[in-house]
Amino acid sequence: MSDRNRLKIVSVLAAFLFIAAALNAYYTDRSAAEAAALGWGSSGDKVNEIQSKLKQWGYYDGPITGYYGELTYKAVRLFQQKNGLKVDGIVGPETAAALGINLGGGAPASSASAGGGGNQNDIYLLARVVHGEARGEPYVGKVAIAAVVLNRVRHPDFPNTIAGVIYQPGAFTAVDDGQINLTPDEESLKAARDAMNGWDPTYGAIYYWNPATATSKWIWSRPIHIRIGKHVFAK
Amino acid sequence: MTRWALPVVLALALVMTGIWGYNQYTLNRQYGIHMDNIYQKSFYDLVASVGSTEIKLSKLMVSSDRGQHIRLLTDISRQADYAQTNLSQLPISHTAIQKAQKYLNQLSDYAKYLNNKVSDGKTITTEEMDNLRELYRNAVRLNADLVRLDKEVQSGKAGWREIAKKGKSTFYEASNDLVTKQFVEIDQRGIEYPTLIYDGPFSEALKDRADIKGTVISRKKAEEIAREFIGSNLVKEIRFSSEGSGEFSTWGFDVTLKNYDHPYYIQISRKGGKVVNLIGQYKDGTPRLSVEQGKEKAAAFLNEKGYANMVPTYQQKYGSVSVINFAYSENGIIFYPDLIKVKVSLEDGRILGFEARNYLMAHKERDLEEPKLSLEEARKLVSSKLELLSARLAVIPTDGGNERFCYEFKGKYMGNLYIVYIDAMTGQEADILQIIDTENGFLAM
């Protein structure tokens with residue numbers, strides 16, 4: 001083997017190592033950063049707000065869709081460029097501040113005015129589960145997920161507090177994979193509040209699953225109450 | 001130059017990878033040990049508190065002193081609660097611990113119920129003693145099984161970490177590790193207890209609540225009812241969504257409206273054809289109506305839908321919507337079990353939600369006896385510290401799904417609003433509520 005070849009191998013190896021290390025660092029930090037930043041693929045009221053601000057100031061001329069797509073991405077980059085911010089197309093804390101938008105890491109501005117129908121923290125925690133478990137589901141489907149959590153609290157086979165039910169090991173995928181720590185959107189908060197106020201489209205269901213992905217045989221032995229969106233609800 | 005540069009770069013890269021890998025390994029190990037310790041603690045606390053409930057239950061069997069009963073029952077419910085909390089934190093499949101969990105929850109609940117009874121001056125009946133004996137037998141069995149499992153965990157035959165790794169997928173299905181197997185065994189042979197019917201939230205009595213009465217209606221008829229309820233002139237399209245069963249059977253529909261972008265969802269009971277609930281999606285806007293106007297809209301809506309004699313009891317406001325609770329009222333008596341909630345938009349007065357499950361299950365012709373106490377007599381039983389604002393007769397729901405006929409007194413103490421319920425028959429203080437007065441919640445006086 002010539003020195004030249006060896007050098008090639010070494011540089012390739014070194015490059016791999018660096019990439020591996022960089023990826024590792026990136027993935028460790030990502031989950032933390034994600035909670036307080038909006039980028040391509042995000043959606044919700046905050047994106048609405050970003051789009052209307054950008055439109056107002058002439059950076060964006062697309063429709064206000066609440067979805068962070070290519071047009072929004074380009075507009076954000078333009079805004080960042082013009083305002084001396086880091087040009088990455090992501091609305092992080094600095095860009096948000098420049099836009100005059102509160103991303104609200106732990107306590108969103110919107111929940112400050114929630115009130116009533118139960119404890120503030122409980123509603124927020126419930127909304128986080130809904131956000132993690134039922135994104136993309138119809139609104140009723142979100143209310144239903146929140147209702148299942150509350151039905152479990154009232155059921156003798158389960159823990160007696162909202163936190164106890166949500167953090168029971170293995171109970172919710174969104175808790176296991178950390179998605180519960182994302183900032184819930186406006187609709188999840190509304191759904192959580194509705195469920196707290198007694199709306200329960202599942203009539204006391206304590207289990208739900210997605211028939212397309214559920215692998216457990218046991219779960220199919222439960223009497224099914226209703227199907228809402230992608231989920232099946234059962235006792 | 002290249003001759004030595006190459007091995008050096010290689011070696012350096014290797015060393016760096018080594019250091020990085022070792023760091024990852026130690027970190028991982030630390031996390032693992034930390035988790036293990038948390039599970040270990042939960043398990044030991046579980047063993048200790050189940051042991052403690054067993055002893056307290058055995059003492060209770062032989063004690064005849066009221067004070068002692070109260071002390072023991074308080075301890076039993078507290079220890080059982082604690083055991084239940086710890087059990088639910090173990091990374092074991094839900095199916096494996098389901099029965100043990102239910103046992104602990106009901107034991108705690110039953111002890112609370114007996115405690116209330118004894119505190120009210122009543123005695124434990126022989127039937128209740130029999131139930132306690134059965135619960136005690138279960139405690140002994142559960143305790144023995146846990147002690148055996150404890151030994152196996154101690155001797156290293158079973159570890160929590162391995163179970164936790166699998167834990168994610170085992171919520172519904174019991175896996176094959178030793179600990180889970182033991183719990184499955186405990187579940188299968190251990191716990192058999194009497195059907196406990198009493199006045200508490202986990203009472204078996206709550207299971208068989210009556211369905212709505214009435215004749216069964218067809219899907220077509222249900223669709224008509226839904227259309228009528230929302231307003232035929234407002235409905236653009238109505239689409240069958242799903243049948244529902246459970247507490248009662250329903251027909252569910254997705255509804256789109258004219259001049260409104262968001263869908264509604266409505267459920268109609270198959271028996272009797274009643275609207276059970278309506279859930280409307282909405283976007284927050286600028287409120288144009290006052291809370292008072294919202295309440296009037298909601299009341300008018302209920303009246304129009306044929307729910308007469310409904311009076312507002314509580315109102316909440318968030319953003320541009322308001323949720324108003326209504327209860328049935330007759331002859332000046334308010335019936336809280338007959339509850340309907342209406343959600344109204346303060347932007348345009350649109351009805352965004354309706355929830356009548358409680359009303360449909362509870363509402364009936366009631367045959368109330370004359371109260372044994374007069375209003376004056378009951379008023380004297382309320383603490384004199386409370387500055388009274390209003391008083392009336394009320395029927396309130398109890399934890400176990402029953403009802404209690406009371407005098408309701410609203411009053412103020414140290415700036416806080418309280419509602420005190422005095423049993424109209426016995427004069428006992430049935431309940432005290434403190435109204436947490438937020439800027440968003442209003443109590444109708």
# chains A, B, ... in the order shown; residues from 1 in each chain; ligands from 1

$ residues_around --residues "segment 221-224 of chain B" --least-positions-apart "4" --cutoff "10 Å" --atoms "only C-alpha atoms" --output "VMD selection string"
chain B and resid 216 to 217 228 to 229 232 238 to 240 250 to 253 266 to 270 272 to 275

$ residues_around --residues "Leu87 of chain B" --least-positions-apart "3" --cutoff "8 Å" --atoms "only C-alpha atoms" --output "PDB file with N, CA and C atoms, in the first residue's frame"
ATOM      1  N   SER B  42     -38.569   2.672  44.561  1.00  0.00           N
ATOM      2  CA  SER B  42     -40.016   2.501  44.411  1.00  0.00           C
ATOM      3  C   SER B  42     -40.430   1.112  44.881  1.00  0.00           C
ATOM      4  N   PHE B  43     -39.635   0.114  44.503  1.00  0.00           N
ATOM      5  CA  PHE B  43     -39.979  -1.255  44.856  1.00  0.00           C
ATOM      6  C   PHE B  43     -39.912  -1.472  46.362  1.00  0.00           C
ATOM      7  N   LEU B  46     -42.715   0.144  48.035  1.00  0.00           N
ATOM      8  CA  LEU B  46     -43.923  -0.648  47.790  1.00  0.00           C
ATOM      9  C   LEU B  46     -44.009  -1.808  48.774  1.00  0.00           C
ATOM     10  N   ALA B  83     -48.346   2.899  48.305  1.00  0.00           N
ATOM     11  CA  ALA B  83     -47.990   1.660  47.622  1.00  0.00           C
ATOM     12  C   ALA B  83     -48.408   1.736  46.154  1.00  0.00           C
ATOM     13  N   GLN B  84     -49.601   2.237  45.927  1.00  0.00           N
ATOM     14  CA  GLN B  84     -50.128   2.347  44.556  1.00  0.00           C
ATOM     15  C   GLN B  84     -49.255   3.267  43.713  1.00  0.00           C
ATOM     16  N   LEU B  90     -43.055   1.493  38.628  1.00  0.00           N
ATOM     17  CA  LEU B  90     -42.176   0.402  38.213  1.00  0.00           C
ATOM     18  C   LEU B  90     -42.351   0.140  36.719  1.00  0.00           C
ATOM     19  N   ILE B  97     -49.664  -5.567  36.365  1.00  0.00           N
ATOM     20  CA  ILE B  97     -49.899  -4.969  37.685  1.00  0.00           C
ATOM     21  C   ILE B  97     -51.307  -4.416  37.860  1.00  0.00           C
ATOM     22  N   GLN B 101     -52.849  -2.961  41.307  1.00  0.00           N
ATOM     23  CA  GLN B 101     -53.118  -1.534  41.339  1.00  0.00           C
ATOM     24  C   GLN B 101     -54.559  -1.257  41.776  1.00  0.00           C
TER      25      GLN B 101
END

$ residues_around --residues "segment 405-419 of chain B" --least-positions-apart "5" --cutoff "12 Å" --atoms "only C-alpha atoms" --output "PyMOL selection string"
chain B and resi 332-337+366-398+424-438+442-445

$ closest_residue --among "B:Tyr314, B:Phe248, B:Phe301, B:Tyr136" --to "chain A" --atoms "only C-alpha atoms"
B:Phe248

$ atom_distance --atom1 "atom CA of Ile351 of chain B" --atom2 "atom CA of Gly319 of chain B"
15.0 Å

$ residues_around --residues "Tyr264 of chain B" --least-positions-apart "3" --cutoff "9 Å" --atoms "only C-alpha atoms" --output "PyMOL selection string"
(chain A and resi 139-140) or (chain B and resi 253-257+278-281+352-353)

$ write_last_selection --atoms "N, CA and C atoms" --output "PDB file, in the first residue's frame"
ATOM      1  N   TYR A 139     -59.721  17.755  15.652  1.00  0.00           N
ATOM      2  CA  TYR A 139     -59.846  18.345  16.983  1.00  0.00           C
ATOM      3  C   TYR A 139     -60.496  17.396  17.979  1.00  0.00           C
ATOM      4  N   VAL A 140     -61.571  16.724  17.575  1.00  0.00           N
ATOM      5  CA  VAL A 140     -62.253  15.782  18.468  1.00  0.00           C
ATOM      6  C   VAL A 140     -61.295  14.687  18.928  1.00  0.00           C
TER       7      VAL A 140
ATOM      8  N   PHE B 253     -71.349  12.149  14.154  1.00  0.00           N
ATOM      9  CA  PHE B 253     -71.303  12.775  12.827  1.00  0.00           C
ATOM     10  C   PHE B 253     -70.278  13.901  12.773  1.00  0.00           C
ATOM     11  N   ASP B 254     -69.615  14.004  11.618  1.00  0.00           N
ATOM     12  CA  ASP B 254     -68.784  15.173  11.324  1.00  0.00           C
ATOM     13  C   ASP B 254     -69.646  16.147  10.535  1.00  0.00           C
ATOM     14  N   VAL B 255     -69.607  17.397  10.942  1.00  0.00           N
ATOM     15  CA  VAL B 255     -70.468  18.389  10.304  1.00  0.00           C
ATOM     16  C   VAL B 255     -69.635  19.562   9.802  1.00  0.00           C
ATOM     17  N   THR B 256     -69.853  19.964   8.561  1.00  0.00           N
ATOM     18  CA  THR B 256     -69.257  21.222   8.095  1.00  0.00           C
ATOM     19  C   THR B 256     -70.376  22.244   7.950  1.00  0.00           C
ATOM     20  N   LEU B 257     -70.026  23.495   8.186  1.00  0.00           N
ATOM     21  CA  LEU B 257     -71.035  24.551   8.220  1.00  0.00           C
ATOM     22  C   LEU B 257     -70.851  25.548   7.090  1.00  0.00           C
ATOM     23  N   LEU B 278     -71.491  18.062  21.677  1.00  0.00           N
ATOM     24  CA  LEU B 278     -71.158  18.755  20.441  1.00  0.00           C
ATOM     25  C   LEU B 278     -69.804  19.395  20.687  1.00  0.00           C
ATOM     26  N   ILE B 279     -68.869  19.141  19.782  1.00  0.00           N
ATOM     27  CA  ILE B 279     -67.546  19.728  19.943  1.00  0.00           C
ATOM     28  C   ILE B 279     -67.220  20.507  18.679  1.00  0.00           C
ATOM     29  N   GLY B 280     -67.065  21.795  18.819  1.00  0.00           N
ATOM     30  CA  GLY B 280     -66.776  22.631  17.660  1.00  0.00           C
ATOM     31  C   GLY B 280     -65.361  23.161  17.727  1.00  0.00           C
ATOM     32  N   GLN B 281     -64.708  23.165  16.583  1.00  0.00           N
ATOM     33  CA  GLN B 281     -63.374  23.726  16.532  1.00  0.00           C
ATOM     34  C   GLN B 281     -63.501  25.225  16.294  1.00  0.00           C
ATOM     35  N   LEU B 352     -70.398  26.806  20.418  1.00  0.00           N
ATOM     36  CA  LEU B 352     -69.238  26.024  20.004  1.00  0.00           C
ATOM     37  C   LEU B 352     -69.176  24.665  20.681  1.00  0.00           C
ATOM     38  N   GLY B 353     -69.967  24.497  21.727  1.00  0.00           N
ATOM     39  CA  GLY B 353     -69.905  23.220  22.420  1.00  0.00           C
ATOM     40  C   GLY B 353     -71.123  23.006  23.289  1.00  0.00           C
TER      41      GLY B 353
END

$ residues_around --residues "Ala234 of chain A" --least-positions-apart "2" --cutoff "7 Å" --atoms "only C-alpha atoms" --output "ChimeraX atom specification"
/A:205-208,222-225,232

$ write_last_selection --atoms "N, CA and C atoms" --output "mmCIF file, in the first residue's frame"
data_model
loop_
_atom_site.group_PDB
_atom_site.id
_atom_site.type_symbol
_atom_site.label_atom_id
_atom_site.label_comp_id
_atom_site.auth_asym_id
_atom_site.auth_seq_id
_atom_site.Cartn_x
_atom_site.Cartn_y
_atom_site.Cartn_z
ATOM 1 N N ALA A 205 -63.494 5.798 27.871
ATOM 2 C CA ALA A 205 -62.450 4.888 27.378
ATOM 3 C C ALA A 205 -61.161 5.096 28.176
ATOM 4 N N ILE A 206 -60.409 3.986 28.375
ATOM 5 C CA ILE A 206 -59.137 4.117 29.086
ATOM 6 C C ILE A 206 -57.954 3.650 28.239
ATOM 7 N N TYR A 207 -58.236 3.144 27.039
ATOM 8 C CA TYR A 207 -57.143 2.777 26.124
ATOM 9 C C TYR A 207 -57.422 3.364 24.757
ATOM 10 N N TYR A 208 -56.363 3.629 24.025
ATOM 11 C CA TYR A 208 -56.539 3.942 22.605
ATOM 12 C C TYR A 208 -55.317 3.453 21.866
ATOM 13 N N ARG A 222 -59.729 -5.710 24.102
ATOM 14 C CA ARG A 222 -60.531 -4.724 24.827
ATOM 15 C C ARG A 222 -61.773 -4.359 24.016
ATOM 16 N N PRO A 223 -62.899 -4.160 24.715
ATOM 17 C CA PRO A 223 -64.103 -3.763 23.981
ATOM 18 C C PRO A 223 -63.988 -2.333 23.427
ATOM 19 N N ILE A 224 -64.092 -2.210 22.127
ATOM 20 C CA ILE A 224 -63.911 -0.914 21.468
ATOM 21 C C ILE A 224 -65.153 -0.038 21.641
ATOM 22 N N HIS A 225 -64.929 1.194 22.042
ATOM 23 C CA HIS A 225 -66.032 2.138 22.210
ATOM 24 C C HIS A 225 -66.332 2.884 20.920
ATOM 25 N N VAL A 232 -58.455 4.197 17.746
ATOM 26 C CA VAL A 232 -59.567 3.409 18.255
ATOM 27 C C VAL A 232 -59.540 3.541 19.771
#

$ closest_residue --among "B:Lys151, B:Arg66, B:Lys41, B:Arg78" --to "Thr123 of chain B" --atoms "only C-alpha atoms"
B:Arg66

$ atom_distance --atom1 "atom CA of Gly39 of chain A" --atom2 "atom CA of Gly92 of chain A"
8.4 Å

$ closest_residue --among "A:Trp209, A:Ala214, A:Ala191, A:Ala171" --to "chain B" --atoms "only C-alpha atoms"
A:Ala171

$ residues_around --residues "Lys82 of chain A" --least-positions-apart "6" --cutoff "12 Å" --atoms "only C-alpha atoms" --output "count of residues only"
7

$ closest_residue --among "A:Glu133, A:Ser188, A:Trp199, A:Ala37" --to "Pro93 of chain A" --atoms "only C-alpha atoms"
A:Ala37

$ closest_residue --among "A:Trp220, A:His231, A:Pro159, A:Leu189" --to "chain B" --atoms "only C-alpha atoms"
A:Pro159

$ select_by_dssp --residues "segment 226-399 of chain B" --states "helix (DSSP H, G or I)" --output "VMD selection string"
chain B and resid 226 to 230 291 to 304 357 to 362 375 to 381

$ write_last_selection --atoms "C-alpha atoms" --output "tab-separated table (two decimals), in the first residue's frame"
chain	number	residue	atom	x	y	z
B	226	ALA	CA	-78.09	16.50	14.56
B	227	ARG	CA	-79.03	18.75	11.65
B	228	GLU	CA	-81.94	20.20	13.57
B	229	PHE	CA	-79.82	20.80	16.68
B	230	ILE	CA	-77.07	22.70	14.89
B	291	VAL	CA	-69.57	37.51	29.56
B	292	GLU	CA	-73.12	38.41	30.56
B	293	GLN	CA	-74.26	38.48	26.93
B	294	GLY	CA	-72.57	35.13	26.35
B	295	LYS	CA	-74.50	33.66	29.24
B	296	GLU	CA	-77.78	34.97	27.80
B	297	LYS	CA	-76.98	33.45	24.41
B	298	ALA	CA	-76.29	30.08	26.02
B	299	ALA	CA	-79.45	30.22	28.14
B	300	ALA	CA	-81.56	31.13	25.11
B	301	PHE	CA	-80.01	28.23	23.19
B	302	LEU	CA	-80.88	25.73	25.93
B	303	ASN	CA	-84.40	27.04	26.11
B	304	GLU	CA	-84.81	26.75	22.36
B	357	ARG	CA	-73.92	13.49	29.54
B	358	ASN	CA	-74.45	14.20	33.24
B	359	TYR	CA	-77.92	15.60	32.67
B	360	LEU	CA	-78.99	12.66	30.52
B	361	MET	CA	-77.79	10.11	33.07
B	362	ALA	CA	-79.02	11.85	36.21
B	375	LEU	CA	-83.39	26.93	56.84
B	376	GLU	CA	-82.90	28.72	60.16
B	377	GLU	CA	-81.78	25.54	61.92
B	378	ALA	CA	-79.34	24.75	59.13
B	379	ARG	CA	-77.97	28.30	59.11
B	380	LYS	CA	-77.02	27.95	62.76
B	381	LEU	CA	-74.85	24.95	61.86
